[in-house]
$ cat data14.cif   # mmCIF, C-alpha atoms and all ligand atoms
data_data
loop_
_atom_site.label_atom_id
_atom_site.label_comp_id
_atom_site.auth_asym_id
_atom_site.auth_seq_id
_atom_site.Cartn_x
_atom_site.Cartn_y
_atom_site.Cartn_z
CA MET A 1 24.82 147.36 72.30
CA SER A 2 25.10 145.33 75.52
CA SER A 3 27.07 147.00 78.26
CA ALA A 4 29.96 145.18 79.93
CA PRO A 5 28.87 143.49 83.17
CA ALA A 6 29.67 145.53 86.26
CA THR A 7 31.66 143.65 88.86
CA SER A 8 29.56 142.08 91.55
CA LEU A 9 30.25 140.83 95.03
CA TYR A 10 28.95 137.47 93.83
CA HIS A 11 30.88 135.13 91.56
CA LYS A 12 31.68 131.43 91.13
CA ASP A 13 33.53 131.23 94.45
CA ASN A 14 30.90 133.27 96.26
CA PRO A 15 27.57 132.49 94.58
CA PHE A 16 24.41 134.48 95.36
CA PRO A 17 21.66 132.56 97.19
CA ALA A 18 18.85 133.29 94.71
CA ARG A 19 15.29 131.95 94.76
CA VAL A 20 13.21 130.35 92.01
CA THR A 21 9.99 132.34 91.59
CA GLU A 22 8.47 130.50 88.63
CA ASN A 23 8.73 126.92 87.40
CA ARG A 24 6.53 126.22 84.38
CA LEU A 25 6.40 123.30 81.98
CA LEU A 26 6.85 124.57 78.43
CA ASN A 27 5.82 121.36 76.68
CA LYS A 28 2.14 120.65 76.28
CA PRO A 29 0.38 117.46 77.48
CA GLY A 30 1.39 114.42 75.45
CA SER A 31 4.97 115.59 74.86
CA HIS A 32 7.87 113.17 75.33
CA LYS A 33 9.98 116.03 76.63
CA GLU A 34 10.10 117.95 79.89
CA THR A 35 11.44 121.43 79.23
CA ARG A 36 10.83 124.00 81.96
CA HIS A 37 10.78 127.77 82.12
CA ILE A 38 12.56 128.66 85.34
CA VAL A 39 12.63 132.21 86.68
CA VAL A 40 15.44 132.95 89.14
CA ASN A 41 15.10 136.11 91.20
CA ILE A 42 18.43 137.93 91.65
CA ALA A 43 17.07 141.10 93.29
CA GLY A 44 19.48 142.52 95.85
CA SER A 45 22.45 140.62 94.45
CA ASP A 46 23.99 143.36 92.34
CA LEU A 47 24.45 140.62 89.72
CA HIS A 48 24.43 141.95 86.16
CA TYR A 49 24.11 140.00 82.98
CA LYS A 50 23.98 140.65 79.27
CA VAL A 51 22.23 138.60 76.63
CA GLY A 52 24.31 135.61 75.63
CA ASP A 53 25.68 135.10 79.17
CA SER A 54 25.00 131.96 81.15
CA LEU A 55 23.84 131.46 84.71
CA GLY A 56 25.95 129.09 86.80
CA VAL A 57 23.77 127.06 89.17
CA PHE A 58 25.05 125.04 92.12
CA SER A 59 22.62 122.22 92.83
CA SER A 60 22.22 119.60 95.50
CA ASN A 61 21.60 115.87 95.27
CA ARG A 62 18.38 114.03 96.01
CA ALA A 63 17.87 113.45 99.76
CA SER A 64 16.63 109.91 99.04
CA GLU A 65 19.92 109.00 97.35
CA VAL A 66 21.99 110.58 100.12
CA ASP A 67 19.94 108.70 102.72
CA GLU A 68 20.46 105.40 100.96
CA ILE A 69 24.22 105.95 100.81
CA LEU A 70 24.28 106.80 104.54
CA GLN A 71 22.28 103.70 105.31
CA ARG A 72 24.58 101.48 103.21
CA LEU A 73 27.63 102.96 104.96
CA ASN A 74 25.91 102.44 108.30
CA ALA A 75 26.52 106.13 108.97
CA THR A 76 24.38 108.86 110.55
CA GLY A 77 25.58 111.68 108.29
CA ASP A 78 27.18 113.55 111.21
CA GLU A 79 30.59 111.93 110.63
CA PRO A 80 33.22 114.59 109.82
CA VAL A 81 34.94 114.12 106.46
CA SER A 82 37.50 116.00 104.38
CA PRO A 83 36.98 114.83 100.79
CA VAL A 84 40.37 114.96 99.14
CA MET A 85 38.97 116.63 95.98
CA LEU A 86 37.53 119.56 97.91
CA LYS A 87 40.76 120.63 99.66
CA LEU A 88 38.78 122.05 102.59
CA PRO A 89 40.36 123.97 105.47
CA ALA A 90 38.20 122.05 107.97
CA PRO A 91 36.11 118.87 107.86
CA ILE A 92 32.40 119.01 106.96
CA SER A 93 29.68 116.53 107.81
CA LEU A 94 29.27 113.47 105.62
CA ARG A 95 25.68 114.52 104.90
CA GLU A 96 26.74 117.96 103.67
CA ALA A 97 29.49 116.44 101.53
CA LEU A 98 27.06 114.01 99.89
CA THR A 99 24.23 116.53 99.57
CA SER A 100 25.87 119.56 98.05
CA ARG A 101 29.59 119.08 97.53
CA LEU A 102 30.16 115.76 95.75
CA ALA A 103 28.81 114.09 92.60
CA LEU A 104 26.99 110.84 93.31
CA ALA A 105 27.01 109.72 89.67
CA LYS A 106 29.77 108.51 87.33
CA PRO A 107 31.78 106.34 89.72
CA THR A 108 35.43 105.90 88.85
CA ARG A 109 37.33 102.68 88.16
CA LYS A 110 39.32 103.37 91.29
CA ILE A 111 36.41 102.66 93.59
CA VAL A 112 35.92 99.26 91.98
CA ASP A 113 39.60 98.51 92.72
CA THR A 114 39.07 99.60 96.32
CA LEU A 115 35.94 97.46 96.66
CA ALA A 116 37.88 94.52 95.20
CA THR A 117 40.54 94.83 97.90
CA LYS A 118 37.97 95.22 100.69
CA ALA A 119 35.26 92.70 99.82
CA THR A 120 35.15 89.69 102.15
CA ASN A 121 32.26 87.75 100.65
CA GLU A 122 33.54 85.11 98.16
CA GLU A 123 30.82 85.66 95.58
CA GLU A 124 31.31 89.46 95.64
CA LYS A 125 35.08 88.99 95.43
CA ALA A 126 34.67 86.83 92.34
CA ARG A 127 32.42 89.36 90.58
CA LEU A 128 34.81 92.20 91.40
CA ALA A 129 37.81 90.17 90.22
CA THR A 130 36.17 89.77 86.81
CA LEU A 131 35.51 93.51 86.63
CA VAL A 132 39.03 94.60 87.56
CA ALA A 133 40.82 92.00 85.42
CA PRO A 134 42.85 93.66 82.62
CA GLU A 135 40.78 91.84 79.95
CA GLY A 136 37.55 93.15 81.55
CA LYS A 137 38.31 96.81 80.73
CA ASP A 138 35.45 97.26 78.27
CA GLN A 139 33.05 95.36 80.48
CA LEU A 140 33.97 97.62 83.40
CA ALA A 141 33.34 100.75 81.34
CA GLY A 142 29.85 99.52 80.41
CA TYR A 143 29.19 98.41 83.97
CA LEU A 144 30.12 101.82 85.41
CA GLU A 145 28.11 103.64 82.74
CA ASP A 146 24.92 102.15 84.20
CA ARG A 147 25.75 102.77 87.83
CA GLU A 148 26.14 105.44 90.47
CA TYR A 149 28.02 105.16 93.78
CA VAL A 150 24.90 103.98 95.59
CA ASP A 151 24.61 100.97 93.23
CA LEU A 152 28.16 99.88 94.06
CA LEU A 153 27.57 100.09 97.79
CA ALA A 154 24.38 98.06 97.33
CA GLU A 155 26.05 95.39 95.19
CA TYR A 156 29.11 94.83 97.39
CA PRO A 157 27.90 95.12 100.99
CA SER A 158 30.80 93.06 102.35
CA ALA A 159 33.34 95.68 101.22
CA LYS A 160 33.00 98.01 104.17
CA LEU A 161 34.13 101.53 103.29
CA THR A 162 34.52 104.25 105.90
CA PRO A 163 32.81 107.58 105.12
CA GLN A 164 36.23 109.14 104.43
CA GLU A 165 37.21 106.29 102.08
CA LEU A 166 34.02 106.72 100.08
CA VAL A 167 34.20 110.51 99.71
CA ASP A 168 37.85 110.36 98.67
CA HIS A 169 36.73 108.46 95.57
CA MET A 170 34.14 111.06 94.59
CA ARG A 171 34.40 114.05 92.27
CA LYS A 172 33.37 117.60 93.07
CA LEU A 173 29.75 118.50 92.27
CA MET A 174 30.28 121.14 89.61
CA PRO A 175 27.95 124.05 88.84
CA ARG A 176 25.90 123.71 85.65
CA LEU A 177 25.84 126.61 83.19
CA TYR A 178 22.49 127.49 81.58
CA SER A 179 22.22 129.91 78.65
CA ILE A 180 20.13 132.83 79.88
CA ALA A 181 16.73 133.14 78.19
CA SER A 182 15.94 136.72 79.22
CA SER A 183 17.28 140.23 78.72
CA SER A 184 18.07 142.33 81.77
CA LYS A 185 16.54 145.34 79.99
CA PRO A 186 12.93 144.23 80.66
CA HIS A 187 13.97 141.90 83.53
CA PRO A 188 16.70 143.57 85.64
CA HIS A 189 15.96 141.45 88.71
CA GLU A 190 15.26 138.12 87.04
CA VAL A 191 17.15 135.53 85.06
CA HIS A 192 15.04 133.20 82.92
CA LEU A 193 16.27 129.72 82.05
CA THR A 194 15.05 127.05 79.63
CA VAL A 195 15.83 123.75 81.30
CA ALA A 196 15.54 120.30 79.72
CA VAL A 197 14.90 118.00 82.67
CA VAL A 198 16.96 114.84 82.41
CA ARG A 199 15.29 111.65 83.72
CA TYR A 200 16.10 108.09 82.70
CA MET A 201 16.48 104.54 84.04
CA THR A 202 19.65 102.50 84.33
CA ASN A 203 20.27 99.35 86.34
CA HIS A 204 16.56 99.36 87.30
CA ARG A 205 16.89 102.68 89.09
CA GLU A 206 15.47 106.10 88.25
CA ARG A 207 18.25 108.57 87.46
CA VAL A 208 18.10 112.33 87.13
CA GLY A 209 20.33 115.08 85.86
CA VAL A 210 21.38 116.70 89.14
CA ALA A 211 21.04 120.36 88.17
CA SER A 212 17.94 120.05 85.97
CA SER A 213 16.06 117.97 88.54
CA PHE A 214 17.19 120.31 91.32
CA LEU A 215 15.61 123.25 89.49
CA ALA A 216 12.55 121.23 88.43
CA ASP A 217 11.81 119.29 91.64
CA ARG A 218 13.85 120.32 94.66
CA ALA A 219 14.17 124.11 94.52
CA GLN A 220 10.94 125.08 96.28
CA LEU A 221 9.40 128.32 94.98
CA ASN A 222 10.58 131.40 96.91
CA THR A 223 12.15 129.21 99.61
CA THR A 224 15.15 127.07 98.68
CA PRO A 225 18.39 129.02 98.28
CA VAL A 226 19.77 128.42 94.78
CA PRO A 227 23.43 129.47 94.66
CA VAL A 228 24.06 131.23 91.32
CA PHE A 229 26.64 133.33 89.49
CA VAL A 230 26.81 134.95 86.08
CA SER A 231 29.21 133.48 83.55
CA ASP A 232 30.27 136.08 81.00
CA SER A 233 30.18 135.11 77.33
CA HIS A 234 31.44 136.26 73.96
CA PHE A 235 28.01 135.29 72.55
CA GLY A 236 25.72 138.28 72.07
CA VAL A 237 23.69 140.58 69.84
CA PRO A 238 25.48 142.80 67.28
CA ALA A 239 26.67 146.15 68.60
CA ASP A 240 24.83 147.83 65.73
CA GLY A 241 21.09 147.31 66.11
CA ALA A 242 20.62 147.77 62.36
CA THR A 243 22.43 144.46 61.70
CA ASP A 244 20.21 141.53 60.71
CA ILE A 245 20.48 138.35 62.76
CA ILE A 246 19.85 134.68 61.97
CA MET A 247 19.29 132.50 65.03
CA VAL A 248 19.48 128.71 64.86
CA GLY A 249 18.33 127.21 68.15
CA PRO A 250 16.56 123.85 68.27
CA GLY A 251 15.36 122.51 71.64
CA THR A 252 16.80 124.35 74.63
CA GLY A 253 19.09 126.07 72.13
CA VAL A 254 16.27 128.57 71.71
CA ALA A 255 16.99 130.10 75.15
CA PRO A 256 19.45 132.87 74.24
CA PHE A 257 17.38 133.83 71.20
CA ARG A 258 14.37 134.65 73.37
CA ALA A 259 16.81 136.91 75.23
CA PHE A 260 18.09 138.38 71.93
CA MET A 261 14.53 139.25 70.91
CA GLN A 262 13.75 140.91 74.26
CA GLU A 263 16.98 142.90 74.03
CA ARG A 264 16.52 143.98 70.41
CA ILE A 265 12.95 145.08 71.10
CA ALA A 266 13.96 146.93 74.29
CA THR A 267 16.77 148.78 72.50
CA GLY A 268 14.69 149.52 69.39
CA ALA A 269 17.11 147.61 67.15
CA LYS A 270 15.96 148.00 63.55
CA GLY A 271 17.75 144.94 62.08
CA ARG A 272 15.69 141.96 60.92
CA ASN A 273 15.43 138.80 63.07
CA TRP A 274 15.16 135.29 61.61
CA LEU A 275 14.62 132.23 63.80
CA PHE A 276 15.23 128.58 62.94
CA PHE A 277 13.70 126.40 65.65
CA GLY A 278 13.13 122.68 65.84
CA ASP A 279 11.94 120.08 68.30
CA GLN A 280 9.98 116.84 68.24
CA HIS A 281 6.33 117.87 67.68
CA ARG A 282 4.68 121.12 66.75
CA ALA A 283 1.59 120.51 68.87
CA THR A 284 3.55 120.00 72.09
CA ASP A 285 7.14 121.22 71.75
CA TYR A 286 7.14 124.66 70.14
CA LEU A 287 8.88 126.33 73.09
CA TYR A 288 7.61 129.86 73.86
CA GLU A 289 5.25 129.50 70.91
CA GLU A 290 2.95 132.35 72.02
CA GLU A 291 5.87 134.74 72.34
CA TRP A 292 7.22 133.95 68.87
CA TYR A 293 3.74 134.41 67.38
CA ALA A 294 3.31 137.74 69.16
CA TRP A 295 6.73 138.96 67.99
CA GLN A 296 5.89 137.93 64.44
CA ALA A 297 2.52 139.72 64.63
CA GLN A 298 4.16 142.94 65.84
CA GLY A 299 6.79 142.68 63.12
CA ALA A 300 9.74 142.20 65.50
CA LEU A 301 10.39 138.64 64.32
CA THR A 302 10.80 138.75 60.57
CA ARG A 303 10.67 134.99 59.95
CA ALA A 304 10.41 131.74 61.89
CA ASP A 305 11.27 128.53 60.05
CA LEU A 306 10.34 125.48 62.05
CA ALA A 307 11.53 121.88 61.89
CA PHE A 308 9.43 119.44 63.88
CA SER A 309 11.44 116.28 63.53
CA ARG A 310 8.84 113.70 64.50
CA ASP A 311 5.68 115.07 62.84
CA GLN A 312 6.34 113.01 59.67
CA THR A 313 8.01 109.73 58.75
CA LEU A 314 11.26 111.32 57.68
CA LYS A 315 13.16 113.49 60.15
CA VAL A 316 13.26 117.20 59.36
CA TYR A 317 15.87 119.32 61.10
CA VAL A 318 16.75 123.02 61.24
CA GLN A 319 19.54 122.53 58.67
CA ASP A 320 16.93 121.18 56.20
CA ARG A 321 14.96 124.42 56.64
CA MET A 322 18.17 126.38 56.07
CA ARG A 323 18.77 124.50 52.80
CA GLU A 324 15.17 125.05 51.66
CA ASN A 325 15.68 128.78 52.19
CA ALA A 326 19.26 128.90 50.91
CA ALA A 327 18.81 131.82 48.51
CA GLU A 328 17.21 134.05 51.13
CA LEU A 329 19.70 132.96 53.78
CA TRP A 330 22.62 133.79 51.52
CA SER A 331 21.12 137.18 50.72
CA TRP A 332 20.91 137.99 54.45
CA ILE A 333 24.48 136.77 55.06
CA LYS A 334 25.82 138.64 52.05
CA GLY A 335 24.10 141.73 53.40
CA GLY A 336 26.04 141.45 56.67
CA ALA A 337 23.70 139.40 58.87
CA HIS A 338 25.16 137.74 61.96
CA PHE A 339 24.64 133.97 62.19
CA TYR A 340 24.10 132.37 65.62
CA VAL A 341 23.82 128.73 66.67
CA CYS A 342 22.88 127.41 70.11
CA GLY A 343 22.18 123.89 71.37
CA ASP A 344 23.56 120.40 70.92
CA ALA A 345 27.26 120.41 70.08
CA LYS A 346 27.69 116.75 69.17
CA ARG A 347 25.45 116.53 66.12
CA MET A 348 23.25 119.57 65.49
CA ALA A 349 25.94 122.27 65.52
CA LYS A 350 28.17 120.20 63.22
CA ASP A 351 25.34 119.57 60.75
CA VAL A 352 24.29 123.24 60.80
CA ASP A 353 27.91 124.25 60.18
CA LEU A 354 28.06 121.92 57.18
CA ALA A 355 24.80 123.32 55.79
CA LEU A 356 26.10 126.88 56.23
CA HIS A 357 29.28 126.00 54.31
CA GLN A 358 27.28 124.38 51.52
CA ILE A 359 24.84 127.28 51.21
CA ILE A 360 27.67 129.81 51.02
CA GLU A 361 29.50 127.63 48.49
CA GLU A 362 26.50 127.06 46.24
CA ARG A 363 24.72 130.40 46.52
CA GLY A 364 27.90 132.47 46.68
CA GLY A 365 29.35 130.70 43.65
CA LEU A 366 32.46 129.80 45.65
CA ASN A 367 34.57 126.67 45.68
CA LEU A 368 35.06 124.57 48.82
CA THR A 369 38.15 126.46 50.00
CA GLN A 370 36.68 129.86 49.31
CA ALA A 371 33.51 128.96 51.20
CA ALA A 372 35.60 127.74 54.14
CA ASP A 373 37.57 131.01 54.07
CA TYR A 374 34.33 132.98 53.95
CA VAL A 375 33.06 131.20 57.07
CA LYS A 376 36.43 131.69 58.80
CA GLN A 377 36.20 135.40 58.09
CA MET A 378 32.64 135.47 59.47
CA LYS A 379 33.99 133.93 62.68
CA LYS A 380 36.85 136.44 62.84
CA ASP A 381 34.39 139.28 62.38
CA LYS A 382 32.21 137.74 65.12
CA ARG A 383 29.42 137.36 62.57
CA TYR A 384 29.27 133.61 63.21
CA GLN A 385 28.90 132.78 66.89
CA ARG A 386 28.07 129.55 68.66
CA ASP A 387 26.94 128.63 72.16
CA VAL A 388 26.93 124.86 72.03
CA TYR A 389 27.01 122.21 74.74
P1 LIG B 1 17.42 118.12 71.53
O1 LIG B 1 17.39 116.77 72.05
O2 LIG B 1 18.73 118.70 71.13
O3 LIG B 1 16.39 118.12 70.28
C1 LIG B 1 15.86 119.27 69.64
C2 LIG B 1 15.55 118.95 68.21
O4 LIG B 1 16.77 118.76 67.51
C3 LIG B 1 14.75 117.67 68.04
O5 LIG B 1 13.76 117.89 67.07
C4 LIG B 1 15.78 116.69 67.56
O6 LIG B 1 15.21 115.69 66.73
C5 LIG B 1 16.63 117.59 66.71
N1 LIG B 1 17.91 117.02 66.31
C6 LIG B 1 18.44 115.82 66.61
N2 LIG B 1 19.59 115.63 65.95
C7 LIG B 1 19.79 116.73 65.20
C8 LIG B 1 20.79 117.10 64.29
N3 LIG B 1 21.83 116.34 64.01
N4 LIG B 1 20.66 118.29 63.68
C9 LIG B 1 19.62 119.11 63.94
N5 LIG B 1 18.63 118.80 64.81
C10 LIG B 1 18.72 117.61 65.43
O7 LIG B 1 16.68 119.13 72.47
P2 LIG B 1 16.91 119.64 73.94
O8 LIG B 1 15.54 119.81 74.48
O9 LIG B 1 17.79 120.83 73.91
O10 LIG B 1 17.64 118.49 74.70
C11 LIG B 1 16.95 117.44 75.21
C12 LIG B 1 17.88 116.51 75.90
O11 LIG B 1 19.09 116.32 75.23
C13 LIG B 1 18.23 117.01 77.25
O12 LIG B 1 18.24 115.93 78.08
C14 LIG B 1 19.59 117.60 77.09
O13 LIG B 1 20.32 117.63 78.30
C15 LIG B 1 20.17 116.66 76.09
N6 LIG B 1 21.21 117.33 75.38
C16 LIG B 1 22.46 116.97 75.70
C17 LIG B 1 23.49 117.56 75.09
C18 LIG B 1 24.88 117.16 75.48
O14 LIG B 1 25.04 116.40 76.37
N7 LIG B 1 25.89 117.64 74.83
C19 LIG B 1 23.27 118.52 74.12
C20 LIG B 1 21.95 118.87 73.80
C21 LIG B 1 20.92 118.24 74.44
P3 LIG B 1 15.05 114.15 67.12
O15 LIG B 1 15.28 114.03 68.59
O16 LIG B 1 13.65 113.83 66.70
O17 LIG B 1 16.06 113.42 66.29
#
$ encode --input "data14.cif" --output "structure tokens" --more "lines below"
Ligand code: NAP
Amino acid sequence: MSSAPATSLYHKDNPFPARVTENRLLNKPGSHKETRHIVVNIAGSDLHYKVGDSLGVFSSNRASEVDEILQRLNATGDEPVSPVMLKLPAPISLREALTSRLALAKPTRKIVDTLATKATNEEEKARLATLVAPEGKDQLAGYLEDREYVDLLAEYPSAKLTPQELVDHMRKLMPRLYSIASSSKPHPHEVHLTVAVVRYMTNHRERVGVASSFLADRAQLNTTPVPVFVSDSHFGVPADGATDIIMVGPGTGVAPFRAFMQERIATGAKGRNWLFFGDQHRATDYLYEEEWYAWQAQGALTRADLAFSRDQTLKVYVQDRMRENAAELWSWIKGGAHFYVCGDAKRMAKDVDLALHQIIEERGGLNLTQAADYVKQMKKDKRYQRDVY
């Protein structure tokens, strides 16, 4: 059983300045994905974690984007500002605010209103008037979707904002929570993360996910302080090691299940372990492939059912593998197995939930309501747990 986390000096409001000690691409050459194994060293922090917990990471923005904003504001970065959202006791420099305290993406409608009142150039005024017109609401939403603050400053140079005016429109840069991919039993001083690096283009500019690109590109090994804290979770291995577990974790959803395996091996848990994993291609995207093979060879991983969605014409997903193995799955569940899901909340977790209901209904000989009640009871008994995002 996992022990409760001891209290630590470090928490969300006082994060520990950790260091990244390993940053390894998990996908093989030719993959369309960039998923990284990141090792964060927490030695000396007195931070404790249990499997299922997440690591909160405070990131910082790209220097190139901050520099462009400063240039467009005609500022040096030394200007003192007190961004309204941050409620600071004393001003900080504009550069610090833009680098590590404020989000540079997802501009609000309010800044477009402000630009509309400040623009002096006729052509810019006309474009802004169209955007802020009541009938342009949908157009504005689409327009903002493709832009960050720097785009707006670039597109409306005649609307001169002061540093304080700009930062007052911005939201706080929030920490990003990553499901921990290691167990503290074998790794007391390390936290492992499985990070999908987000990179895309909009409005002819390269965009990045702030936290994932910070860990992938900007956190220099053993050098850059990475402020972190542990976020406690209800998600975790069964208290009784003899309990079987079924883990459904496509993509980065696999992270906590690597931790579950490390924990169950370290504690000598005798229950069986069944993994459902999926990603785009088997040749390039079977994350931690060697570890799963080794665990299977040593008998620690009872089964691994894999769904590589893009290796054939028709998509195959983890829930298809569940349905193909419905009889066996039901026999595990009936025997008391815990069922875990981690990963995409929008589509995958919903589809897996539906498949679970159908399997219980069909294999358990239950009607729709009885199957729903069965699943509800599993949730109440903490036999059905989800960590979805
Ligand atoms: P992922 O994109 O979730 O994909 C993993 C596997 O799940 C792929 O084989 C994918 O297939 C498959 N999949 C797609 N729809 C599914 C469904 N309805 N049911 C079951 N499986 C389904 O993997 P990831 O590496 O964790 O994430 C990659 C990117 O997606 C990252 O940029 C991440 O930030 C983002 N993401 C965002 C959210 C969110 O914002 N809520 C959640 C999860 C992931 P196909 O792609 O071939 O269809």
$ axis_aligned_box --input "data14.cif" --around "ligand LIG 1 (chain B)" --padding-each-side "8 Å" --output "AutoDock Vina command-line options"
--center_x 19.8 --center_y 117.1 --center_z 71.0 --size_x 28.2 --size_y 23.4 --size_z 30.6
$ residues_near_ligand --input "data14.cif" --ligand "ligand LIG 1 (chain B)" --cutoff "8 Å" --atoms "all atoms listed in the file" --output "MDAnalysis selection string"
chainID A and resid 33:35 195:199 209 250:253 278:281 307:310 315:319 343:352 388:389
$ atom_distance --input "data14.cif" --atom1 "atom CA of Val237 of chain A" --atom2 "atom CA of Asp387 of chain A"
12.6 Å
$ residues_around --input "data14.cif" --residues "segment 300-303 of chain A" --least-positions-apart "2" --cutoff "8 Å" --atoms "only C-alpha atoms" --output "number ranges by chain"
A: 261, 265, 272-275, 292, 295-298, 305
$ residues_near_point --input "data14.cif" --point "(29.1, 131.9, 47.5)" --cutoff "12 Å" --atoms "all atoms listed in the file" --output "list in words"
Ala326, Ala327, Leu329, Trp330, Ser331, Ile333, Lys334, Leu356, His357, Gln358, Ile359, Ile360, Glu361, Glu362, Arg363, Gly364, Gly365, Leu366, Asn367, Leu368, Thr369, Gln370, Ala371, Ala372, Asp373, Tyr374 and Val375 of chain A
$ atom_distance --input "data14.cif" --atom1 "atom CA of Val66 of chain A" --atom2 "atom CA of Lys110 of chain A"
20.7 Å
$ residues_around --input "data14.cif" --residues "Leu173 of chain A" --least-positions-apart "2" --cutoff "10 Å" --atoms "all atoms listed in the file" --output "PyMOL selection string"
chain A and resi 58-61+86+97-105+170-171+175-176+210-211
$ write_last_selection --input "data14.cif" --atoms "C-alpha atoms" --output "PDB file, keeping the file's coordinate frame"
ATOM      1  CA  PHE A  58      25.050 125.040  92.120  1.00  0.00           C
ATOM      2  CA  SER A  59      22.620 122.220  92.830  1.00  0.00           C
ATOM      3  CA  SER A  60      22.220 119.600  95.500  1.00  0.00           C
ATOM      4  CA  ASN A  61      21.600 115.870  95.270  1.00  0.00           C
ATOM      5  CA  LEU A  86      37.530 119.560  97.910  1.00  0.00           C
ATOM      6  CA  ALA A  97      29.490 116.440 101.530  1.00  0.00           C
ATOM      7  CA  LEU A  98      27.060 114.010  99.890  1.00  0.00           C
ATOM      8  CA  THR A  99      24.230 116.530  99.570  1.00  0.00           C
ATOM      9  CA  SER A 100      25.870 119.560  98.050  1.00  0.00           C
ATOM     10  CA  ARG A 101      29.590 119.080  97.530  1.00  0.00           C
ATOM     11  CA  LEU A 102      30.160 115.760  95.750  1.00  0.00           C
ATOM     12  CA  ALA A 103      28.810 114.090  92.600  1.00  0.00           C
ATOM     13  CA  LEU A 104      26.990 110.840  93.310  1.00  0.00           C
ATOM     14  CA  ALA A 105      27.010 109.720  89.670  1.00  0.00           C
ATOM     15  CA  MET A 170      34.140 111.060  94.590  1.00  0.00           C
ATOM     16  CA  ARG A 171      34.400 114.050  92.270  1.00  0.00           C
ATOM     17  CA  PRO A 175      27.950 124.050  88.840  1.00  0.00           C
ATOM     18  CA  ARG A 176      25.900 123.710  85.650  1.00  0.00           C
ATOM     19  CA  VAL A 210      21.380 116.700  89.140  1.00  0.00           C
ATOM     20  CA  ALA A 211      21.040 120.360  88.170  1.00  0.00           C
TER      21      ALA A 211
END
$ closest_residue --input "data14.cif" --among "A:Arg218, A:Leu94, A:His11, A:Arg323" --to "Glu165 of chain A" --atoms "all atoms listed in the file"
A:Leu94
$ residues_around --input "data14.cif" --residues "segment 153-156 of chain A" --least-positions-apart "2" --cutoff "12 Å" --atoms "all atoms listed in the file" --output "JSON, numbers by chain"
{"A": [65, 68, 69, 70, 71, 72, 73, 74, 104, 107, 111, 112, 114, 115, 116, 117, 118, 119, 120, 121, 122, 123, 124, 125, 126, 127, 128, 147, 148, 149, 150, 151, 158, 159, 160, 161, 162, 163, 166, 203]}
$ atom_distance --input "data14.cif" --atom1 "atom CA of Thr243 of chain A" --atom2 "atom CA of Asp353 of chain A"
21.0 Å
$ closest_residue --input "data14.cif" --among "A:Ala294, A:Arg205, A:Arg109, A:Leu314" --to "Lys137 of chain A" --atoms "all atoms listed in the file"
A:Arg109
$ closest_residue --input "data14.cif" --among "A:Lys12, A:Lys50, A:Arg24, A:Arg62" --to "Glu206 of chain A" --atoms "all atoms listed in the file"
A:Arg62
$ residues_near_point --input "data14.cif" --point "(31.5, 132.6, 67.4)" --cutoff "12 Å" --atoms "all atoms listed in the file" --output "list in words"
Gly52, Ser233, His234, Phe235, Gly236, Val237, Pro238, His338, Phe339, Tyr340, Val341, Cys342, Ala349, Asp353, Val375, Lys376, Gln377, Met378, Lys379, Lys380, Asp381, Lys382, Arg383, Tyr384, Gln385, Arg386, Asp387 and Val388 of chain A
$ write_last_selection --input "data14.cif" --atoms "C-alpha atoms" --output "short mmCIF file (atom, residue, chain, number, x, y, z; two decimals), keeping the file's coordinate frame"
data_model
loop_
_atom_site.label_atom_id
_atom_site.label_comp_id
_atom_site.auth_asym_id
_atom_site.auth_seq_id
_atom_site.Cartn_x
_atom_site.Cartn_y
_atom_site.Cartn_z
CA GLY A 52 24.31 135.61 75.63
CA SER A 233 30.18 135.11 77.33
CA HIS A 234 31.44 136.26 73.96
CA PHE A 235 28.01 135.29 72.55
CA GLY A 236 25.72 138.28 72.07
CA VAL A 237 23.69 140.58 69.84
CA PRO A 238 25.48 142.80 67.28
CA HIS A 338 25.16 137.74 61.96
CA PHE A 339 24.64 133.97 62.19
CA TYR A 340 24.10 132.37 65.62
CA VAL A 341 23.82 128.73 66.67
CA CYS A 342 22.88 127.41 70.11
CA ALA A 349 25.94 122.27 65.52
CA ASP A 353 27.91 124.25 60.18
CA VAL A 375 33.06 131.20 57.07
CA LYS A 376 36.43 131.69 58.80
CA GLN A 377 36.20 135.40 58.09
CA MET A 378 32.64 135.47 59.47
CA LYS A 379 33.99 133.93 62.68
CA LYS A 380 36.85 136.44 62.84
CA ASP A 381 34.39 139.28 62.38
CA LYS A 382 32.21 137.74 65.12
CA ARG A 383 29.42 137.36 62.57
CA TYR A 384 29.27 133.61 63.21
CA GLN A 385 28.90 132.78 66.89
CA ARG A 386 28.07 129.55 68.66
CA ASP A 387 26.94 128.63 72.16
CA VAL A 388 26.93 124.86 72.03
#
